$ cat start-v3.pdb   # PDB, C-alpha atoms
ATOM      1  CA  MET A 205      24.492 -25.959  59.851
ATOM      2  CA  SER A 206      27.682 -24.994  58.299
ATOM      3  CA  LYS A 207      26.079 -25.625  54.922
ATOM      4  CA  PHE A 208      24.086 -22.472  55.200
ATOM      5  CA  LYS A 209      26.684 -20.332  56.722
ATOM      6  CA  LYS A 210      26.528 -16.893  55.309
ATOM      7  CA  LYS A 211      29.552 -15.817  53.462
ATOM      8  CA  ARG A 212      29.705 -12.406  54.851
ATOM      9  CA  GLY A 213      32.290  -9.854  54.121
ATOM     10  CA  LYS A 214      32.931 -11.049  50.607
ATOM     11  CA  THR A 215      32.428  -8.725  47.662
ATOM     12  CA  THR A 216      29.723  -9.600  45.170
ATOM     13  CA  PRO A 217      31.163 -11.448  42.193
ATOM     14  CA  ALA A 218      31.365  -9.424  39.001
ATOM     15  CA  ILE A 219      28.720 -10.241  36.430
ATOM     16  CA  SER A 220      30.310 -11.882  33.490
ATOM     17  CA  THR A 221      30.002  -9.790  30.373
ATOM     18  CA  ALA A 222      31.475 -12.426  28.139
ATOM     19  CA  SER A 223      28.145 -13.037  26.396
ATOM     20  CA  LEU A 224      27.442  -9.362  25.851
ATOM     21  CA  PRO A 225      28.986  -9.282  22.356
ATOM     22  CA  ASP A 226      26.809 -12.228  21.376
ATOM     23  CA  ILE A 227      23.667 -10.450  22.485
ATOM     24  CA  ILE A 228      24.687  -7.309  20.675
ATOM     25  CA  PHE A 229      25.469  -9.322  17.570
ATOM     26  CA  ILE A 230      22.014 -10.884  17.593
ATOM     27  CA  LEU A 231      20.453  -7.446  17.822
ATOM     28  CA  LEU A 232      22.778  -6.238  15.120
ATOM     29  CA  PHE A 233      21.808  -9.031  12.756
ATOM     30  CA  PHE A 234      18.151  -8.385  13.410
ATOM     31  CA  PHE A 235      18.451  -4.746  12.462
ATOM     32  CA  MET A 236      20.680  -5.525   9.509
ATOM     33  CA  VAL A 237      18.040  -7.837   8.123
ATOM     34  CA  VAL A 238      15.079  -5.541   8.623
ATOM     35  CA  THR A 239      16.820  -2.406   7.444
ATOM     36  CA  VAL A 240      15.744  -1.045   4.125
ATOM     37  CA  MET A 241      18.034   1.650   2.937
ATOM     38  CA  LYS A 242      16.195   4.574   1.502
ATOM     39  CA  THR A 243      16.510   4.035  -2.188
ATOM     40  CA  SER A 244      15.600   7.370  -3.626
ATOM     41  CA  GLU A 245      15.550  10.834  -2.286
ATOM     42  CA  LEU A 246      12.158  12.417  -2.539
ATOM     43  CA  LYS A 247      11.959  15.529  -4.628
ATOM     44  CA  VAL A 248       8.234  15.839  -4.374
ATOM     45  CA  ALA A 249       6.219  16.347  -1.225
ATOM     46  CA  VAL A 250       4.127  13.272  -0.564
ATOM     47  CA  VAL A 251       1.604  12.894   2.209
ATOM     48  CA  VAL A 252      -0.347   9.794   1.391
ATOM     49  CA  PRO A 253      -4.088   9.761   2.075
ATOM     50  CA  GLU A 254      -5.715   7.680   4.782
ATOM     51  CA  ALA A 255      -7.785   4.579   4.273
ATOM     52  CA  THR A 256      -9.018   1.524   6.110
ATOM     53  CA  GLU A 257      -9.009  -1.265   3.532
ATOM     54  CA  LEU A 258      -5.261  -1.640   3.537
ATOM     55  CA  GLN A 259      -3.218  -4.511   2.254
ATOM     56  CA  LYS A 260       0.423  -5.005   2.984
ATOM     57  CA  LEU A 261       2.865  -5.029   0.144
ATOM     58  CA  GLU A 262       4.600  -8.301   0.747
ATOM     59  CA  LYS A 263       7.740  -8.447  -1.332
ATOM     60  CA  LYS A 264       9.622  -5.197  -1.396
ATOM     61  CA  SER A 265      11.761  -6.309  -4.319
ATOM     62  CA  LEU A 266       8.679  -6.692  -6.483
ATOM     63  CA  VAL A 267       7.445  -3.165  -5.918
ATOM     64  CA  SER A 268       8.291  -0.189  -8.070
ATOM     65  CA  TYR A 269       7.441   3.186  -6.726
ATOM     66  CA  LEU A 270       5.955   6.126  -8.528
ATOM     67  CA  TYR A 271       5.906   9.315  -6.520
ATOM     68  CA  ILE A 272       3.436  12.026  -7.380
ATOM     69  CA  GLY A 273       3.206  15.373  -5.673
ATOM     70  CA  LYS A 274       4.186  18.985  -5.714
ATOM     71  CA  PRO A 275       7.916  19.589  -6.125
ATOM     72  CA  LEU A 276       9.676  20.536  -2.914
ATOM     73  CA  ALA A 277      10.160  24.242  -2.260
ATOM     74  CA  LYS A 278      13.784  24.223  -3.433
ATOM     75  CA  PHE A 279      12.801  22.782  -6.808
ATOM     76  CA  GLN A 280       9.783  24.962  -7.371
ATOM     77  CA  SER A 281      11.757  27.733  -9.055
ATOM     78  CA  ILE A 282      12.751  25.292 -11.799
ATOM     79  CA  TYR A 283       9.852  22.901 -11.966
ATOM     80  CA  GLY A 284       6.937  25.043 -10.818
ATOM     81  CA  SER A 285       4.358  24.027  -8.266
ATOM     82  CA  ALA A 286       2.169  21.823 -10.401
ATOM     83  CA  PRO A 287       2.151  18.169  -9.311
ATOM     84  CA  ARG A 288       4.925  16.168 -10.894
ATOM     85  CA  LEU A 289       5.905  12.565 -11.210
ATOM     86  CA  GLN A 290       9.144  11.296  -9.766
ATOM     87  CA  LEU A 291      10.734   8.051 -10.890
ATOM     88  CA  ASN A 292      13.854   6.843  -9.117
ATOM     89  CA  ASP A 293      15.811   9.972  -8.305
ATOM     90  CA  LYS A 294      14.547  12.438 -10.826
ATOM     91  CA  PHE A 295      11.519  14.188 -12.142
ATOM     92  CA  ALA A 296       9.980  12.408 -15.076
ATOM     93  CA  THR A 297       7.270  12.832 -17.593
ATOM     94  CA  ILE A 298       4.466  10.369 -17.966
ATOM     95  CA  ASP A 299       5.919   9.079 -21.236
ATOM     96  CA  GLU A 300       8.919   7.732 -19.339
ATOM     97  CA  ILE A 301       6.828   5.269 -17.352
ATOM     98  CA  PRO A 302       7.039   2.312 -19.790
ATOM     99  CA  LEU A 303      10.828   2.534 -19.901
ATOM    100  CA  PHE A 304      10.986   2.812 -16.122
ATOM    101  CA  LEU A 305       8.801  -0.277 -15.741
ATOM    102  CA  GLU A 306      10.992  -2.211 -18.154
ATOM    103  CA  GLN A 307      14.068  -1.307 -16.152
ATOM    104  CA  GLU A 308      12.353  -2.359 -12.949
ATOM    105  CA  LYS A 309      11.330  -5.631 -14.554
ATOM    106  CA  LEU A 310      14.920  -6.427 -15.461
ATOM    107  CA  LYS A 311      15.858  -6.257 -11.807
ATOM    108  CA  ILE A 312      13.625  -9.139 -10.802
ATOM    109  CA  GLN A 313      13.548 -12.770 -11.754
ATOM    110  CA  GLU A 314      11.608 -13.675 -14.819
ATOM    111  CA  GLN A 315       9.071 -15.922 -13.166
ATOM    112  CA  MET A 316       8.316 -13.235 -10.602
ATOM    113  CA  GLN A 317       7.730 -10.501 -13.145
ATOM    114  CA  PRO A 318       3.960 -10.970 -13.406
ATOM    115  CA  LEU A 319       3.765 -10.314  -9.670
ATOM    116  CA  MET A 320       5.330  -6.886  -9.952
ATOM    117  CA  THR A 321       3.315  -4.161  -8.321
ATOM    118  CA  ALA A 322       3.396  -0.484  -9.101
ATOM    119  CA  SER A 323       2.959   1.501  -5.934
ATOM    120  CA  LEU A 324       1.500   4.945  -6.459
ATOM    121  CA  ARG A 325       2.730   7.104  -3.648
ATOM    122  CA  ALA A 326       0.659  10.133  -4.422
ATOM    123  CA  ASP A 327       0.078  13.183  -2.311
ATOM    124  CA  LYS A 328      -3.501  13.538  -1.152
ATOM    125  CA  GLU A 329      -3.727  17.067  -2.511
ATOM    126  CA  VAL A 330      -3.078  16.188  -6.138
ATOM    127  CA  THR A 331      -5.977  16.031  -8.535
ATOM    128  CA  MET A 332      -7.137  13.010 -10.440
ATOM    129  CA  GLY A 333      -5.976  14.411 -13.773
ATOM    130  CA  ILE A 334      -2.358  13.346 -13.399
ATOM    131  CA  ILE A 335      -3.347  10.147 -11.605
ATOM    132  CA  THR A 336      -5.643   9.182 -14.463
ATOM    133  CA  ASP A 337      -2.934   9.879 -17.029
ATOM    134  CA  ILE A 338      -0.519   7.704 -15.078
ATOM    135  CA  LYS A 339      -3.069   4.944 -14.730
ATOM    136  CA  THR A 340      -3.718   5.023 -18.445
ATOM    137  CA  GLN A 341       0.002   4.814 -19.105
ATOM    138  CA  LEU A 342       0.347   1.896 -16.702
ATOM    139  CA  ARG A 343      -2.457   0.088 -18.468
ATOM    140  CA  LYS A 344      -0.836   0.698 -21.831
ATOM    141  CA  ALA A 345       2.427  -0.683 -20.480
ATOM    142  CA  GLY A 346       0.638  -3.765 -19.202
ATOM    143  CA  GLN A 347       1.337  -3.009 -15.549
ATOM    144  CA  LEU A 348      -2.092  -3.781 -14.144
ATOM    145  CA  LYS A 349      -1.258  -4.525 -10.546
ATOM    146  CA  VAL A 350      -1.347  -1.184  -8.797
ATOM    147  CA  ASN A 351      -1.297  -0.208  -5.175
ATOM    148  CA  TYR A 352      -2.515   3.142  -3.955
ATOM    149  CA  SER A 353      -0.273   3.828  -1.025
ATOM    150  CA  ALA A 354      -2.157   4.932   2.068
ATOM    151  CA  ARG A 355      -1.895   5.167   5.815
ATOM    152  CA  LYS A 356      -4.191   3.563   8.333
ATOM    153  CA  ARG A 357      -7.053   5.792   9.326
ATOM    154  CA  ALA A 358      -7.710   5.722  13.017
ATOM    155  CA  GLY A 359     -10.848   7.773  13.465
ATOM    156  CA  ALA A 360     -14.171   7.849  11.658
ATOM    157  CA  LEU A 361     -14.840   9.729   8.461
ATOM    158  CA  LYS A 362     -15.632  13.380   8.838
TER     159      LYS A 362
ATOM    160  CA  MET B  67      67.777 -25.713  13.458
ATOM    161  CA  PRO B  68      65.731 -26.138  16.533
ATOM    162  CA  LYS B  69      62.136 -25.263  16.125
ATOM    163  CA  ARG B  70      61.405 -22.200  17.997
ATOM    164  CA  GLU B  71      58.390 -22.585  20.070
ATOM    165  CA  ARG B  72      56.243 -19.620  19.532
ATOM    166  CA  LYS B  73      53.198 -18.905  21.547
ATOM    167  CA  GLN B  74      50.304 -17.566  19.581
ATOM    168  CA  PRO B  75      49.348 -14.333  21.226
ATOM    169  CA  GLU B  76      45.723 -14.180  22.106
ATOM    170  CA  ILE B  77      43.701 -11.560  20.321
ATOM    171  CA  ASN B  78      42.071  -9.202  22.674
ATOM    172  CA  ALA B  79      38.352  -9.410  22.048
ATOM    173  CA  SER B  80      37.200  -6.936  24.593
ATOM    174  CA  SER B  81      36.642  -4.255  21.973
ATOM    175  CA  MET B  82      34.412  -6.563  19.952
ATOM    176  CA  ALA B  83      31.414  -5.417  21.921
ATOM    177  CA  ASP B  84      32.198  -1.800  21.141
ATOM    178  CA  ILE B  85      32.466  -2.487  17.436
ATOM    179  CA  ALA B  86      29.228  -4.413  17.486
ATOM    180  CA  PHE B  87      27.611  -1.600  19.430
ATOM    181  CA  LEU B  88      28.703   0.942  16.883
ATOM    182  CA  LEU B  89      27.276  -1.104  14.030
ATOM    183  CA  LEU B  90      24.117  -1.713  15.992
ATOM    184  CA  ILE B  91      23.597   1.972  16.568
ATOM    185  CA  PHE B  92      24.165   2.687  12.892
ATOM    186  CA  PHE B  93      21.509   0.194  11.838
ATOM    187  CA  LEU B  94      19.159   1.348  14.580
ATOM    188  CA  VAL B  95      19.315   4.867  13.230
ATOM    189  CA  THR B  96      18.931   3.961   9.575
ATOM    190  CA  THR B  97      16.114   1.464  10.075
ATOM    191  CA  THR B  98      12.663   2.492   9.062
ATOM    192  CA  ILE B  99      10.209  -0.209   9.928
ATOM    193  CA  ASP B 100       7.266   1.167   8.071
ATOM    194  CA  VAL B 101       5.559  -1.539   6.125
ATOM    195  CA  ASP B 102       4.191  -0.287   2.902
ATOM    196  CA  LYS B 103       0.458  -0.465   2.879
ATOM    197  CA  GLY B 104      -2.174   0.584   0.485
ATOM    198  CA  ILE B 105      -5.222  -0.297  -1.514
ATOM    199  CA  THR B 106      -4.381  -2.823  -4.183
ATOM    200  CA  VAL B 107      -6.352  -2.648  -7.376
ATOM    201  CA  LYS B 108      -6.213  -4.462 -10.669
ATOM    202  CA  LEU B 109      -6.545  -2.170 -13.632
ATOM    203  CA  PRO B 110      -8.332  -3.356 -16.738
ATOM    204  CA  PRO B 111      -6.096  -4.066 -19.730
ATOM    205  CA  TRP B 112      -5.776  -1.278 -22.228
ATOM    206  CA  SER B 113      -7.539  -1.544 -25.530
ATOM    207  CA  GLU B 114      -7.737   0.993 -28.282
ATOM    208  CA  GLU B 115     -11.296   0.219 -29.198
ATOM    209  CA  PRO B 116     -13.976   1.791 -27.094
ATOM    210  CA  PRO B 117     -15.539  -0.753 -24.770
ATOM    211  CA  GLU B 118     -18.656  -2.343 -26.147
ATOM    212  CA  SER B 119     -21.689  -0.871 -24.559
ATOM    213  CA  LEU B 120     -23.281  -3.517 -22.464
ATOM    214  CA  LYS B 121     -26.956  -3.394 -21.997
ATOM    215  CA  LEU B 122     -27.209  -3.301 -18.261
ATOM    216  CA  ASN B 123     -30.325  -3.220 -16.279
ATOM    217  CA  THR B 124     -30.253   0.136 -14.511
ATOM    218  CA  ARG B 125     -31.337  -1.456 -11.266
ATOM    219  CA  ASN B 126     -28.037  -3.348 -11.156
ATOM    220  CA  VAL B 127     -25.829  -0.344 -11.653
ATOM    221  CA  TYR B 128     -24.688   1.695  -8.693
ATOM    222  CA  SER B 129     -23.300   4.828 -10.207
ATOM    223  CA  VAL B 130     -21.052   7.027  -8.136
ATOM    224  CA  LEU B 131     -19.948  10.372  -9.459
ATOM    225  CA  VAL B 132     -17.383  12.556  -7.773
ATOM    226  CA  ASN B 133     -17.154  16.092  -9.072
ATOM    227  CA  ALA B 134     -14.313  18.564  -9.001
ATOM    228  CA  SER B 135     -15.448  19.936  -5.626
ATOM    229  CA  ASP B 136     -15.245  16.409  -4.183
ATOM    230  CA  GLU B 137     -19.018  16.141  -3.913
ATOM    231  CA  LEU B 138     -20.764  12.853  -4.392
ATOM    232  CA  LEU B 139     -23.695  11.983  -6.583
ATOM    233  CA  VAL B 140     -24.881   8.440  -6.004
ATOM    234  CA  ARG B 141     -27.576   7.148  -8.350
ATOM    235  CA  GLY B 142     -28.659  10.701  -9.015
ATOM    236  CA  GLU B 143     -28.789  11.732  -5.367
ATOM    237  CA  PRO B 144     -26.219  13.776  -3.483
ATOM    238  CA  MET B 145     -24.653  11.877  -0.622
ATOM    239  CA  MET B 146     -22.007  12.227   2.051
ATOM    240  CA  VAL B 147     -19.013   9.886   1.930
ATOM    241  CA  ARG B 148     -19.747   8.599   5.419
ATOM    242  CA  ASP B 149     -23.130   7.256   4.265
ATOM    243  CA  LEU B 150     -21.731   5.624   1.169
ATOM    244  CA  LYS B 151     -20.677   2.327   2.699
ATOM    245  CA  GLU B 152     -24.026   1.469   4.266
ATOM    246  CA  ASN B 153     -25.871   2.568   1.188
ATOM    247  CA  ALA B 154     -23.665   0.498  -1.100
ATOM    248  CA  LYS B 155     -24.027  -2.525   1.154
ATOM    249  CA  GLU B 156     -27.783  -2.246   1.036
ATOM    250  CA  PHE B 157     -27.691  -1.904  -2.706
ATOM    251  CA  ILE B 158     -25.478  -4.938  -3.264
ATOM    252  CA  ALA B 159     -27.144  -7.306  -0.853
ATOM    253  CA  ASN B 160     -30.640  -5.889  -1.273
ATOM    254  CA  PRO B 161     -32.054  -7.680   1.746
ATOM    255  CA  LYS B 162     -35.561  -6.265   1.274
ATOM    256  CA  LYS B 163     -35.631  -7.280  -2.382
ATOM    257  CA  ARG B 164     -36.477  -3.791  -3.494
ATOM    258  CA  PRO B 165     -37.150  -3.510  -7.197
ATOM    259  CA  ASP B 166     -34.800  -0.562  -7.657
ATOM    260  CA  MET B 167     -31.748  -2.308  -6.217
ATOM    261  CA  SER B 168     -29.535  -5.104  -7.505
ATOM    262  CA  GLU B 169     -31.225  -8.387  -8.395
ATOM    263  CA  ASN B 170     -28.480 -10.256  -6.607
ATOM    264  CA  PRO B 171     -24.919  -9.472  -5.558
ATOM    265  CA  LYS B 172     -23.528 -11.251  -8.609
ATOM    266  CA  LYS B 173     -25.197  -8.818 -10.952
ATOM    267  CA  ALA B 174     -24.410  -5.673  -9.019
ATOM    268  CA  ILE B 175     -21.952  -3.374 -10.717
ATOM    269  CA  ILE B 176     -20.431  -0.274  -9.244
ATOM    270  CA  SER B 177     -19.667   2.430 -11.718
ATOM    271  CA  LEU B 178     -17.264   5.060 -10.500
ATOM    272  CA  LYS B 179     -16.676   8.242 -12.370
ATOM    273  CA  ASN B 180     -14.719  11.265 -11.316
ATOM    274  CA  ASP B 181     -13.515  14.527 -12.715
ATOM    275  CA  ARG B 182      -9.938  15.379 -13.563
ATOM    276  CA  GLY B 183     -10.202  18.046 -10.895
ATOM    277  CA  THR B 184     -11.303  15.655  -8.160
ATOM    278  CA  SER B 185      -8.742  15.459  -5.397
ATOM    279  CA  TYR B 186      -6.909  12.176  -5.015
ATOM    280  CA  GLU B 187      -7.859  12.082  -1.365
ATOM    281  CA  ALA B 188     -11.566  12.222  -2.140
ATOM    282  CA  TYR B 189     -11.219   9.613  -4.848
ATOM    283  CA  LEU B 190      -9.394   7.207  -2.581
ATOM    284  CA  GLU B 191     -11.872   7.823   0.206
ATOM    285  CA  VAL B 192     -14.738   6.852  -2.066
ATOM    286  CA  TYR B 193     -12.866   3.860  -3.414
ATOM    287  CA  ASN B 194     -12.045   2.808   0.111
ATOM    288  CA  GLU B 195     -15.669   3.007   1.213
ATOM    289  CA  LEU B 196     -16.827   0.938  -1.732
ATOM    290  CA  LYS B 197     -14.194  -1.665  -1.022
ATOM    291  CA  ALA B 198     -15.125  -1.612   2.650
ATOM    292  CA  ALA B 199     -18.753  -2.264   1.729
ATOM    293  CA  TYR B 200     -17.686  -5.394  -0.099
ATOM    294  CA  SER B 201     -15.334  -6.626   2.564
ATOM    295  CA  GLU B 202     -18.049  -6.233   5.180
ATOM    296  CA  LEU B 203     -20.420  -8.239   3.030
ATOM    297  CA  TRP B 204     -17.753 -10.915   2.639
ATOM    298  CA  GLU B 205     -17.292 -10.930   6.379
ATOM    299  CA  VAL B 206     -21.017 -11.514   6.943
ATOM    300  CA  GLU B 207     -21.078 -14.220   4.298
ATOM    301  CA  ALA B 208     -18.037 -15.943   5.771
ATOM    302  CA  ASP B 209     -19.686 -15.996   9.169
ATOM    303  CA  ARG B 210     -22.956 -17.310   7.767
ATOM    304  CA  ARG B 211     -21.405 -20.032   5.646
ATOM    305  CA  PHE B 212     -18.341 -21.156   7.531
ATOM    306  CA  GLY B 213     -18.809 -19.567  10.926
ATOM    307  CA  SER B 214     -15.428 -17.965  10.886
ATOM    308  CA  LYS B 215     -13.721 -14.752   9.942
ATOM    309  CA  TYR B 216     -13.054 -14.111   6.280
ATOM    310  CA  GLU B 217      -9.324 -13.748   6.736
ATOM    311  CA  ASN B 218      -9.132 -17.102   8.518
ATOM    312  CA  LEU B 219     -10.750 -19.012   5.674
ATOM    313  CA  ASP B 220      -8.621 -20.909   3.238
ATOM    314  CA  ILE B 221      -8.178 -19.646  -0.281
ATOM    315  CA  SER B 222     -10.824 -21.808  -1.935
ATOM    316  CA  GLN B 223     -13.427 -20.716   0.596
ATOM    317  CA  GLN B 224     -12.505 -17.082   0.090
ATOM    318  CA  LYS B 225     -12.777 -17.586  -3.633
ATOM    319  CA  ALA B 226     -16.210 -19.134  -3.264
ATOM    320  CA  ILE B 227     -17.411 -16.114  -1.360
ATOM    321  CA  ARG B 228     -15.842 -13.716  -3.799
ATOM    322  CA  ALA B 229     -17.478 -15.572  -6.677
ATOM    323  CA  ASP B 230     -20.896 -15.043  -5.149
ATOM    324  CA  ILE B 231     -20.300 -11.426  -4.194
ATOM    325  CA  PRO B 232     -17.848 -10.287  -6.830
ATOM    326  CA  LEU B 233     -16.215  -6.942  -6.420
ATOM    327  CA  VAL B 234     -16.853  -5.105  -9.643
ATOM    328  CA  ILE B 235     -15.857  -1.481  -9.700
ATOM    329  CA  SER B 236     -15.881  -0.129 -13.181
ATOM    330  CA  GLU B 237     -14.144   3.180 -13.668
ATOM    331  CA  ALA B 238     -15.197   5.445 -16.478
ATOM    332  CA  GLU B 239     -13.006   7.960 -18.256
ATOM    333  CA  PRO B 240     -13.083  11.050 -16.083
ATOM    334  CA  THR B 241     -14.749  14.236 -17.119
ATOM    335  CA  SER B 242     -12.675  17.394 -17.312
ATOM    336  CA  PHE B 243     -14.759  20.232 -16.005
ATOM    337  CA  GLY B 244     -12.790  21.053 -12.902
ATOM    338  CA  GLU B 245      -9.514  22.839 -12.587
ATOM    339  CA  GLU B 246      -6.418  20.739 -12.257
ATOM    340  CA  GLY B 247      -3.441  21.620 -10.200
TER     341      GLY B 247
END

$ encode --input "start-v3.pdb" --output "structure tokens"
Amino acid sequence: MSKFKKKRGKTTPAISTASLPDIIFILLFFFMVVTVMKTSELKVAVVVPEATELQKLEKKSLVSYLYIGKPLAKFQSIYGSAPRLQLNDKFATIDEIPLFLEQEKLKIQEQMQPLMTASLRADKEVTMGIITDIKTQLRKAGQLKVNYSARKRAGALK
Amino acid sequence: MPKRERKQPEINASSMADIAFLLLIFFLVTTTIDVDKGITVKLPPWSEEPPESLKLNTRNVYSVLVNASDELLVRGEPMMVRDLKENAKEFIANPKKRPDMSENPKKAIISLKNDRGTSYEAYLEVYNELKAAYSELWEVEADRRFGSKYENLDISQQKAIRADIPLVISEAEPTSFGEEG
């Protein structure tokens, strides 16, 4: 029975932490891959509307964002409180959209260019006037694939 | 000269975990895993000429008007947004073969018109409901034809369904009665 003799009085062996860095590294790589650095600082307040018929935007590199909303409080003294368009990091007029789209197109491979999507991240409070003008401009620029950014609606319609 | 035997000192790797931890925490904090979602639409190409006026049978046209106060007028009748989906579904499929609704889903056309003062939220809500009406019809059709969910069908099957119940939402130039802002 000596096989099962209890080894009493001995301290518990220390758990080896040699593989800890490996585990941490795996986690690190995971987060490094999924991280998307915030590309542009928002200067307009955007709360996207809610909807149910949502589609995911697959390739982030093929998406160009157009932000539409009221300027943030700190910019309102200069830009007023009427809804404005933001492209990249600055306020823009609607006439600047074609140039912006061209610049975005240059960033992606040529064969992928037809798949480019314009994502309209518009605040739910804005009126259709500015949205219509932007849509018209997008059509004129030949950017027909558009995504109205929205959140998932949980409850029923009011 | 005799070769001096030098022992390579071992690099202490115990701080590796700390460095990795620091990086990990940095990426944890900066990560935003919010997938971008939204309603994808395909805009019609721009043309300078006014679109040719098609002679459409009025029974095939489902006109939806949204005014500047976000109120709905559907085929001349006021309606709440929550009733829109069911109503549109009935119009498109027309199961009772009513003479004032679409002849068949292929011919049904949804005409959406809003005001420049309509709020974006209301517009998207209406658009969403109309799209939902179609996707529910596709779902029913997928179940009837292939006995499976629409999203599980392969692309050619989805195309076949979409060809029979095409999603046609035609958007008119908006009116400009309401106040913008």

$ interface_residues --input "start-v3.pdb" --of "chain B" --to "chain A" --cutoff "8 Å" --atoms "all atoms listed in the file" --output "PyMOL selection string"
chain B and resi 82-83+86-87+89-90+93-94+96-99+101-113+147-148+180-187+189-191+194+197-198+240+246-247

$ residues_around --input "start-v3.pdb" --residues "Lys294 of chain A" --least-positions-apart "5" --cutoff "10 Å" --atoms "only C-alpha atoms" --output "compact mmCIF listing (two decimals) with C-alpha atoms, keeping the file's coordinate frame"
# COMPACT_ATOMS: atom_id res chain seq x y z
CA SER A 244 15.60 7.37 -3.63
CA GLU A 245 15.55 10.83 -2.29
CA LEU A 246 12.16 12.42 -2.54
CA LYS A 247 11.96 15.53 -4.63
CA VAL A 248 8.23 15.84 -4.37
CA LEU A 289 5.90 12.56 -11.21

$ resolve_selection --input "start-v3.pdb" --expression "the PyMOL selection byres ((chain B and resi 125) around 9)" --output "MDAnalysis selection string"
chainID B and resid 122:124 126:128 165:169 174

$ residues_around --input "start-v3.pdb" --residues "Glu217 of chain B" --least-positions-apart "6" --cutoff "10 Å" --atoms "all atoms listed in the file" --output "list in words"
Trp204, Glu205, Ala208 and Gln224 of chain B

$ atom_distance --input "start-v3.pdb" --atom1 "atom CA of Lys162 of chain B" --atom2 "atom CA of Asn218 of chain B"
29.5 Å

$ atom_distance --input "start-v3.pdb" --atom1 "atom CA of Gly213 of chain B" --atom2 "atom CA of Ser201 of chain B"
15.8 Å

$ atom_distance --input "start-v3.pdb" --atom1 "atom CA of Ser220 of chain A" --atom2 "atom CA of Leu88 of chain B"
21.0 Å

$ residues_around --input "start-v3.pdb" --residues "segment 306-309 of chain A" --least-positions-apart "3" --cutoff "12 Å" --atoms "all atoms listed in the file" --output "PDB file with C-alpha atoms, in the frame of the given file"
ATOM      1  CA  SER A 265      11.761  -6.309  -4.319  1.00  0.00           C
ATOM      2  CA  LEU A 266       8.679  -6.692  -6.483  1.00  0.00           C
ATOM      3  CA  VAL A 267       7.445  -3.165  -5.918  1.00  0.00           C
ATOM      4  CA  SER A 268       8.291  -0.189  -8.070  1.00  0.00           C
ATOM      5  CA  TYR A 269       7.441   3.186  -6.726  1.00  0.00           C
ATOM      6  CA  LEU A 270       5.955   6.126  -8.528  1.00  0.00           C
ATOM      7  CA  LEU A 291      10.734   8.051 -10.890  1.00  0.00           C
ATOM      8  CA  ASN A 292      13.854   6.843  -9.117  1.00  0.00           C
ATOM      9  CA  GLU A 300       8.919   7.732 -19.339  1.00  0.00           C
ATOM     10  CA  ILE A 301       6.828   5.269 -17.352  1.00  0.00           C
ATOM     11  CA  PRO A 302       7.039   2.312 -19.790  1.00  0.00           C
ATOM     12  CA  LEU A 303      10.828   2.534 -19.901  1.00  0.00           C
ATOM     13  CA  ILE A 312      13.625  -9.139 -10.802  1.00  0.00           C
ATOM     14  CA  GLN A 313      13.548 -12.770 -11.754  1.00  0.00           C
ATOM     15  CA  GLU A 314      11.608 -13.675 -14.819  1.00  0.00           C
ATOM     16  CA  GLN A 315       9.071 -15.922 -13.166  1.00  0.00           C
ATOM     17  CA  MET A 316       8.316 -13.235 -10.602  1.00  0.00           C
ATOM     18  CA  GLN A 317       7.730 -10.501 -13.145  1.00  0.00           C
ATOM     19  CA  PRO A 318       3.960 -10.970 -13.406  1.00  0.00           C
ATOM     20  CA  LEU A 319       3.765 -10.314  -9.670  1.00  0.00           C
ATOM     21  CA  MET A 320       5.330  -6.886  -9.952  1.00  0.00           C
ATOM     22  CA  THR A 321       3.315  -4.161  -8.321  1.00  0.00           C
ATOM     23  CA  ALA A 322       3.396  -0.484  -9.101  1.00  0.00           C
ATOM     24  CA  LEU A 342       0.347   1.896 -16.702  1.00  0.00           C
ATOM     25  CA  ALA A 345       2.427  -0.683 -20.480  1.00  0.00           C
ATOM     26  CA  GLY A 346       0.638  -3.765 -19.202  1.00  0.00           C
ATOM     27  CA  GLN A 347       1.337  -3.009 -15.549  1.00  0.00           C
TER      28      GLN A 347
END

$ resolve_selection --input "start-v3.pdb" --expression "the PyMOL selection byres ((chain B and resi 234-238) around 8)" --output "NGL selection string"
:B and (174-180 or 232-233 or 239-240)
